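Read through the structure below, which is laid out as structure tokens, and then see the notes.
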Amino acid sequence: MASNTAVRTVYRLSGVSPTSEGMLSALDAELLDGLGAELHVPDALGTPAVYVTCGMERIEAPWCGPMSRTTGITVSESVRRTAALLLLAVDDTVYAIGCDQGYRLLPDHLKDKRFGLSFAIRQMDPNMIRGAVSRSLGQARTDISLVPGGASVPLLGIRDHSRIVRSLGGYLDELPLTRSRFTRGRAVSAQGGCGLRIALGVEPEALLSDLRTIARICREDTPHQELEFVDHIVPVTDTSVLDDLAQELDDRLGRPDDGTVSVSVPPEHHDAYTDATTYVTQINSPGTMHSDDFDLGYVLTRARLAPPGGRVKALREGTVTLSRDRGAGIADTLAVTSALSWLETGIPLGSRRFFLMDAEWYEAGTAYVEDCRAAVRTLFPPLPSVSLPAWVDGESENTYNNRVADDRPGWCCLDTKNVANPLRRRDQVEICDLMTPDGTLILVKRAAGSGPLSHLFSQARVAVELLQESAQVRADFTAKVAGLSGGSLLLPADYTPKRIVLAMLLKNRGRLTPETLFGFSQITIAQTAKALAARGVTVEVVGIPQSGADVPPFPPYGAAIRTTVRETRAEPRRTFPAGARNNTHQPH
């Protein structure tokens with residue numbers, strides 16, 4: 001039975017007129033002529049569209065000659081590749097869908113670079129991310145994370161104020177696309193970067209409906225709270241700043257290479273970079289230079305030879321073509337890129353720092369404050385997993401912790417019940433103040449300033465690292481818990497924490513909220529939570545009421561989790577493919 005959907009990569013185009021003539025004029029006519037492409041005008045879609053198809057053939061594969069010399073055996077095998085590109089206008093927006101090698105027929109400068117990513121951060125399940133591509137400002141490095149079974153955003157380590165996420169892949173929330181209607185109960189996956197790789201309807205009406213749904217989501221929906229950080233770093237748009245940066249870069253390109261310009265692979269061409277064996281560079285000259293890799297020295301030399309004021313333009317219009325074989329023709333071209341898109345450099349304007357990446361400028365630090373605030377907000381859940389009693393004036397921390405444990409069946413007080421530090425056995429380390437029956441660590445602190453809280457956050461990191469990395473600490477800690485609980489709380493021998501609750505009372509500052517937390521502590525707790533999340537440990541912040549304050553009743557342990565289960569039981573159930581796991585966390 002024929003499928004109702006097919007997985008395709010769709011691009012949203014910028015600056016292309018939503019008419020058949022406008023779409024055709026946007027394509028590279030010389031490239032299409034060289035490939036012998038055929039032009040079609042499909043009427044079935046009922047909307048302006050252009051359909052281009054072609055075959056790319058070589059009489060002999062490029063490996064035949066060298067292997068004949070190696071083996072002494074002459075073999076000749078032909079190669080044929082196909083390409084199809086559909087451009088169509090939907091509600092005055094032009095989209096492009098490529099099949100096989102069809103993406104090569106679409107010029108890079110037409111693509112909306114954030115289209116697929118914009119959809120992903122609004123529709124992708126932040127607890128089931130299967131892959132991410134990100135880059136750090138000023139480091140000329142691309143990080144690729146792959147988790148076939150899916151993982152939460154914190155585990156991927158991509159949330160950082162100086163990191164630019166280029167692509168996300170994962171499972172989608174429920175949405176009214178054609179694939180969802182025909183595969184009810186099964187998770188639908190997608191990959192969003194410059195383009196969006198997703199299953200789209202095959203029939204004309206279904207395809208148009210899917211594209212309209214995707215457009216509506218990008219236009220009207222807000223990003224997931226756990227993914228909104230992706231939108232915090234965006235290219236500079238201030239024209240006066242861009243003019244100043246262009247002049248500074250032009251001046252730098254006119255000087256001898258001083259090592260301040262480095263190379264980075266354009267994000268859309270990682271696969272081509274892996275497969276390419278030949279690079280053909282053409283900048284400000286009809287001549288070309290062939291090399292086995294990207295030649296930064298040659299690129300900078302060609303830019304330096306351009307007239308002042310025209311060096312950046314020469315690189316932007318210059319091309320670097322990636323090919324499978326040195327002697328190959330147009331059929332073996334993997335990608336044609338702008339020379340400027342390969343360069344990374346940093347330029348200061350006064351106290352502000354800017355970085356060139358993918359031919360666009362980004363300012364360092366613009367997302368730092370908002371990223372910290374957003375990270376802190378996520379640590380305060382609307383329904384805390386535990387509710388702690390008021391701290392009585394004059395009560396010591398040890399007395400308070402013992403009182404909490406006595407009031408909670410199954411809880412264990414570990415305040416001052418230390419284990420030996422493996423780095424120096426005579427020193428002692430306190431792992432936590434309290435432990436719940438499910439193995440959650442609770443660290444308690446009353447503070448009038450940021451100093452005691454910095455100690456609390458450091459204690460959390462040290463406790464997690466020692467329990468994860470030291471077998472002796474694990475053995476000592478699990479034995480201590482068993483002894484202090486009278487055998488009622490038995491941890492597995494390989495115990496490592498999955499969850500930490502930081503319980504705090506701020507003196508004379510009222511109720512604990514992200515806003516009342518000390519400014520320095522907001523920075524350090526955001527850093528702590530990020531570091532622990534990378535180790536697979538979630539962090540929650542809970543406020544401790546002060547004696548005399550209006551305190552809600554002290555519910556028994558587990559009341560919060562029972563409420564949460566009741567409220568979420570009606571959610572639709574999804575079945576994930578084999579090997580995938582739902583990492584969505586419910587409060588304890």
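Order determines the names: the first chain of the structure tokens is A, the second B, and so forth; residues in each chain are numbered 1 upward, and ligands are numbered 1 upward as they are shown.
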### Query
Hey, what's within 6 Å of range 154-161 of chain A if we count only C-alpha atoms and toss same-chain stuff fewer than 5 positions away? As a ChimeraX atom specification, please?
/A:367-368,371,533-534,536
### Task
Could you pull out the residues in range 240-415 of chain A that DSSP calls strand (DSSP E or B) from the backbone, as a ChimeraX atom specification?
/A:262-263,278-282,289-291,319-323,333-338,343-349,352-357,360-363,391,412-413
### Message
Residues within 8 Å of Ser162 in chain A, please, as JSON, numbers by chain. Count only C-alpha atoms; anything in the same chain fewer than 6 positions from it doesn't count.
### Response
{"A": [136, 137, 233, 364, 365, 367, 368]}
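Within the 8 Å cut-off around Gly410 in chain A, using only C-alpha atoms and omitting residues fewer than 3 positions from it on the same chain, the listed residues are Ala405, Thr436, Pro437, Ser485, Ser488 and Leu489 of chain A.
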Write the residues you've just listed into a file as a compact mmCIF listing (two decimals), in the first residue's frame, and include all heavy atoms for each of them.
```txt
# COMPACT_ATOMS: atom_id res chain seq x y z
N ALA A 405 13.39 15.49 59.47
CA ALA A 405 13.47 14.04 59.25
C ALA A 405 12.55 13.29 60.20
O ALA A 405 11.92 12.29 59.82
CB ALA A 405 14.92 13.57 59.43
N THR A 436 15.44 11.70 50.95
CA THR A 436 14.07 11.21 50.89
C THR A 436 14.08 9.72 50.57
O THR A 436 15.10 9.17 50.15
CB THR A 436 13.28 11.96 49.82
OG1 THR A 436 13.83 11.65 48.53
CG2 THR A 436 13.35 13.46 50.04
N PRO A 437 12.95 9.04 50.73
CA PRO A 437 12.92 7.60 50.47
C PRO A 437 13.28 7.21 49.04
O PRO A 437 13.69 6.06 48.81
CB PRO A 437 11.46 7.23 50.78
CG PRO A 437 11.01 8.24 51.77
CD PRO A 437 11.69 9.51 51.36
N SER A 485 19.52 5.01 59.11
CA SER A 485 18.08 4.77 58.94
C SER A 485 17.62 3.50 59.62
O SER A 485 16.44 3.13 59.52
CB SER A 485 17.74 4.71 57.45
OG SER A 485 18.32 3.56 56.84
N SER A 488 16.10 0.90 57.19
CA SER A 488 14.85 1.17 56.46
C SER A 488 15.09 1.84 55.11
O SER A 488 14.21 1.83 54.24
CB SER A 488 13.93 2.06 57.30
OG SER A 488 14.53 3.33 57.52
N LEU A 489 16.26 2.45 54.93
CA LEU A 489 16.59 3.11 53.67
C LEU A 489 17.86 2.48 53.12
O LEU A 489 18.97 2.80 53.55
CB LEU A 489 16.77 4.62 53.88
CG LEU A 489 17.01 5.47 52.63
CD1 LEU A 489 15.94 5.22 51.58
CD2 LEU A 489 17.01 6.95 53.01
```
### Message
Report as a PyMOL selection string all protein, DNA and RNA residues lying within 7 Å of Ala272 in chain A, evaluated on only C-alpha atoms, omitting residues in the same chain fewer than 6 positions from it.
### Response
chain A and resi 322+334-335
